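Chemist: Dropping a structure here in structure tokens format, bear with me for questions.
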Amino acid sequence: MWLWVISILSALLALNLGLVLFFRNRHPEPHYNWDDIDLDSMSFSNKFLWGTATAAHQVEGNLSNNWSDFEEKKGLEKSGSACDYWNRWKDDFQMLSDLGLSSYRFSIEWSRLEPEEGEWNSEAMDEYSAMIDNLIERDIRPVVTLHHFSHPIWWEQKGGFTNQNNIPSFVNYCSRVFEALSDRVEVWCTINEPTVFSTMGYTLGQFPPGKRSIRLTMKVMKNLMRAHGTVYHLLKEKRPSARIGVAKNVTLFDPLNRWSPIDWIVARILDYLWNGAWRKGIMKGKMLGAKIPQAKNSVDFIGLNYYTHFLTGLFMPTSTEELEFAKRKHEITTEFGYPMYAEGFQRAIEFVSPLSVPIEITENGVADSDDSLRPLHLKRHLWIVSQAIKNGYDIQSYHHWSLMDNFEWAEGYKMRFGLYEVDFQTQERTLRSSGELFSSIIAH
Ligand code: FCB
């Protein structure tokens with residue numbers, strides 16, 4: 001009898017160990033000794049494009065969309081006039097020039113263009129068009145995002161991305177914007193961070209519409225992929241020379257304890273749901289059990305947004321309010337609560353490379369109100385990018401999130417991501433030291 005028990009226990013142990021060793025081997029988690037690295041050794045070619053990124057709802061001000069509605073209903077901090085950028089964008093574009101940038105990523109606000117279903121506001125389109133002209137005059141490449149978390153209230157009321165039947169109105173909006181601007185805009189992101197949008201809005205309930213349903217999350221994930229694929233083909237038909245992609249947030253999931261089989265299993269499942277399923281959608285036209293043929297090979301470049309890794313175990317929080325992010329002992333916690341893990345940037349680059357298209361870094365940055373961490377954060381992450389380029393990865397640009405402090409969604413105004421500090425009382429913008437550093441790296 002005892003012999004049996006001992007044999008079974010040993011077999012289980014061996015199995016666990018085998019599993020852990022397999023995962024450890026396949027998914028290394030490098031941590032560098034940064035003191036040994038000369039961060040000033042980075043270099044970039046003259047062709048490399050330097051930018052910053054913003055999103056309409058976070059900067060423009062006075063919008064009426066799914067987000068402003070959610071802020072109201074949930075009693076969140078209101079975006080209000082945000083950076084008042086809709087009235088100040090000309091001055092803000094001067095800041096792009098002052099930094100020496102050659103690219104600028106921003107988003108178009110659907111609720112401005114089509115505030116009520118079928119009613120189009122041509123003045124708003126003219127304003128976006130004037131922005132494009134202004135950027136081109138400055139020799140700054142515009143990169144336009146069509147959906148960055150916000151859309152009109154009427155569309156949200158119809159179920160937004162939960163309902164496949166709503167996709168045609170989104171496609172119609174994209175097509176109109178493309179017709180108006182694609183004579184001057186070459187690079188387009190259809191959707192910003194599809195996985196963040198679906199999990200924050202439909203699993204964690206921290207973004208509109210504040211739902212907590214796995215079933216809806218899956219539906220939204222697949223519909224975002226369908227919408228992206230459909231928009232991709234339509235726009236390419238209209239103008240084959242356009243370069244169309246998505247901005248994908250690659251968050252890494254690592255086991256809290258690298259010897260725990262359970263932590264590994266949780267990490268691998270989350271990684272698949274967050275990253276793998278999405279990449280499969282683009283590579284194979286299949287996602288989470290659905291065939292989405294229009295998604296296959298539907299990117300001319302991949303926009304990569306990288307911020308951090310999450311350390312996962314059995315007891316996962318189910319809302320961001322409960323989130324207390326774990327970190328490795330030596331890691332620095334950022335103001336958002338998650339650790340700075342620049343080494344993961346390399347892993348995120350490797351993750352998107354099987355798509356076999358050029359990579360544009362569409363976002364990377366840190367919440368740091370007193371600018372004490374941002375200079376180091378910037379240098380480490382840029383060093384990783386420069387190394388990756390040296391190792392043969394086709395990375396064409398880097399857009400820092402963000403140009404200036406702005407409305408950080410569920411977190412409101414307290415998370416400050418800007419190279420420029422914004423005083424939201426006076427709307428005064430002040431360049432931070434990290435902004436000066438960024439500009440000097442660009443100038444080199
Ligand atoms: C990304 C979002 C962007 C901004 C940064 C901090 O997930 O795309 O709008 O909020 O995080």
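Identifiers in this document derive from the order of the structure tokens: chains are assigned A, B, ..., residues are numbered from 1 separately in each chain, and ligands are numbered from 1 in order of occurrence.
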Give the residues close to ligand 1, within 8 Å, counting only C-alpha atoms and all ligand atoms; write them as a CSV table (one decimal) with N, CA, C and O atoms, in the first residue's frame.

Modeler:
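Wrote selection.csv, looks like this:
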```csv
chain,number,residue,atom,x,y,z
A,54,THR,N,-1.0,60.6,-28.5
A,54,THR,CA,-2.1,61.0,-27.6
A,54,THR,C,-3.4,60.3,-28.1
A,54,THR,O,-3.4,59.7,-29.2
A,55,ALA,N,-4.5,60.5,-27.4
A,55,ALA,CA,-5.8,60.0,-27.9
A,55,ALA,C,-6.8,61.0,-27.6
A,55,ALA,O,-6.8,61.8,-26.6
A,58,GLN,N,-8.6,61.7,-24.3
A,58,GLN,CA,-7.7,62.1,-23.2
A,58,GLN,C,-7.2,63.5,-23.3
A,58,GLN,O,-6.7,64.0,-22.3
A,148,HIS,N,-9.8,54.8,-30.4
A,148,HIS,CA,-9.0,54.7,-29.3
A,148,HIS,C,-9.9,54.7,-28.0
A,148,HIS,O,-10.0,55.8,-27.4
A,149,PHE,N,-10.6,53.7,-27.8
A,149,PHE,CA,-11.5,53.5,-26.6
A,149,PHE,C,-12.8,54.2,-26.6
A,149,PHE,O,-13.6,54.0,-25.8
A,192,ASN,N,-7.1,50.8,-31.2
A,192,ASN,CA,-6.1,50.8,-30.1
A,192,ASN,C,-6.4,49.7,-29.1
A,192,ASN,O,-7.5,49.6,-28.5
A,193,GLU,N,-5.4,48.9,-28.8
A,193,GLU,CA,-5.4,47.9,-27.7
A,193,GLU,C,-6.7,47.2,-27.6
A,193,GLU,O,-7.5,47.3,-26.6
A,196,VAL,N,-7.2,45.4,-24.2
A,196,VAL,CA,-7.4,46.3,-23.1
A,196,VAL,C,-8.9,46.8,-23.1
A,196,VAL,O,-9.6,46.7,-22.1
A,249,ASN,N,-1.4,46.2,-27.4
A,249,ASN,CA,-0.8,46.2,-26.1
A,249,ASN,C,-0.3,44.8,-25.8
A,249,ASN,O,-1.1,43.9,-25.6
A,305,ASN,N,2.4,48.5,-28.3
A,305,ASN,CA,2.3,49.3,-27.0
A,305,ASN,C,2.9,48.4,-25.9
A,305,ASN,O,2.4,47.3,-25.7
A,307,TYR,N,4.2,48.3,-21.8
A,307,TYR,CA,4.3,49.0,-20.5
A,307,TYR,C,4.9,48.1,-19.4
A,307,TYR,O,5.8,48.6,-18.7
A,363,GLU,N,3.3,53.0,-28.5
A,363,GLU,CA,3.2,53.6,-27.1
A,363,GLU,C,4.2,52.9,-26.2
A,363,GLU,O,4.4,51.7,-26.3
A,364,ASN,N,4.8,53.8,-25.4
A,364,ASN,CA,5.6,53.3,-24.3
A,364,ASN,C,5.9,54.5,-23.4
A,364,ASN,O,6.1,55.6,-23.9
A,365,GLY,N,5.7,54.4,-22.1
A,365,GLY,CA,5.9,55.5,-21.2
A,365,GLY,C,5.6,55.1,-19.8
A,365,GLY,O,5.4,53.9,-19.5
A,366,VAL,N,5.6,56.1,-18.9
A,366,VAL,CA,5.4,55.8,-17.5
A,366,VAL,C,4.7,56.9,-16.8
A,366,VAL,O,4.9,58.1,-17.1
A,367,ALA,N,3.8,56.5,-15.8
A,367,ALA,CA,3.2,57.5,-14.9
A,367,ALA,C,4.2,57.9,-13.9
A,367,ALA,O,4.7,57.1,-13.1
A,401,TRP,N,4.5,57.6,-25.0
A,401,TRP,CA,3.2,58.0,-24.3
A,401,TRP,C,3.5,58.8,-23.1
A,401,TRP,O,4.1,58.2,-22.2
A,402,SER,N,3.3,60.1,-23.0
A,402,SER,CA,2.5,60.8,-23.9
A,402,SER,C,3.2,62.2,-24.1
A,402,SER,O,4.1,62.5,-23.4
A,407,PHE,N,-5.9,63.0,-19.5
A,407,PHE,CA,-7.0,62.3,-18.7
A,407,PHE,C,-6.7,60.8,-18.9
A,407,PHE,O,-6.9,60.2,-19.9
A,408,GLU,N,-6.3,60.1,-17.8
A,408,GLU,CA,-5.9,58.7,-17.8
A,408,GLU,C,-7.1,57.8,-17.5
A,408,GLU,O,-7.1,57.1,-16.4
A,409,TRP,N,-8.1,57.9,-18.3
A,409,TRP,CA,-9.2,56.9,-18.2
A,409,TRP,C,-9.7,56.8,-16.7
A,409,TRP,O,-10.0,57.7,-16.0
A,417,PHE,N,1.6,61.1,-17.4
A,417,PHE,CA,2.5,60.4,-18.4
A,417,PHE,C,3.2,61.4,-19.3
A,417,PHE,O,3.9,60.9,-20.2
```

Chemist: Just list the residues in stretch 201-380 of chain A DSSP gives strand (DSSP E) on the backbone, as a list in words.

Modeler: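 Matching residues, listed in order: Arg243, Ile244, Gly245, Val246, Ala247, Lys248, Asn249, Leu252, Phe253, Asp254, Pro255, Lys286, Met287, Ala290, Lys291, Ile302, Gly303, Leu304, Asn305, His309, Phe310, Leu311, Thr312, Ile359, Glu360, Ile361, Thr362 and Glu363 of chain A.
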
Chemist: As a ChimeraX atom specification, please: all residues of stretch 154-260 of chain A that backbone DSSP puts in helix (DSSP H, G or I).

Modeler: /A:154-157,160-162,164-181,194-202,214-238

Chemist: Between atom CA of A:Ser7 and atom CA of A:Arg258, measure the distance and give it in Å to one decimal.

Modeler: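 If I compute the distance from atom CA of A:Ser7 to atom CA of A:Arg258, I get 25.3 Å.
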
Chemist: Using atom CA of A:Lys291 and atom CA of A:His228 as the two end points, give the distance in Å to one decimal.

Modeler: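 That distance, rounded to one decimal, is 14.0 Å.
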
Chemist: Per residue of stretch 299-371 of chain A within 9 Å of stretch 420-439 of chain A, note the shortest atom pair and the distance in Å to one decimal, counting only C-alpha atoms, and order the rows by chain and increasing residue number, as CSV.

Modeler:
```
residue,atom,partner,partner_atom,distance
A:Ser369,CA,A:Glu421,CA,8.3
A:Asp370,CA,A:Arg432,CA,8.9
A:Asp371,CA,A:Ser434,CA,6.9
```

Chemist: I want to know what sits within 7 Å of A:Phe253, based on only C-alpha atoms, with residues of the same chain fewer than 6 positions away left out; could you give that as JSON, numbers by chain?

Modeler: {"A": [267, 270, 271, 309, 310, 311, 312]}

Chemist: Any idea what the distance is between atom CA of A:Val352 and atom CA of A:Leu419?

Modeler: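 Taking atom CA of A:Val352 and atom CA of A:Leu419, their separation equals 26.9 Å.
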
Chemist: Determine, counting only C-alpha atoms, which protein, DNA and RNA residues have an atom within 10 Å of an atom of A:Ala242; residues of the same chain fewer than 3 positions away are not included. Present the result as a ChimeraX atom specification.

Modeler: /A:178,182-188,232,235-239,245,300

Chemist: Using only C-alpha atoms, which residue out of A:Pro142, A:Pro261, A:Pro115, A:Gly205 lies closest to A:Leu12?

Modeler: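 Smallest distance to A:Leu12 is found for A:Pro261.
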
Chemist: Determine the nearest neighbour of A:Trp259 from the options A:Leu17, A:Met340, A:Ala443, A:Gln387, counting only C-alpha atoms.

Modeler: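 Of the candidates, the smallest distance to A:Trp259 is held by A:Leu17.
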
Chemist: Counting only C-alpha atoms, figure out which residue out of A:Trp4, A:Trp89, A:Trp110, A:Tyr202 gets nearest to A:Ser169.

Modeler: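 That would be A:Trp110, the residue with the smallest distance to A:Ser169.
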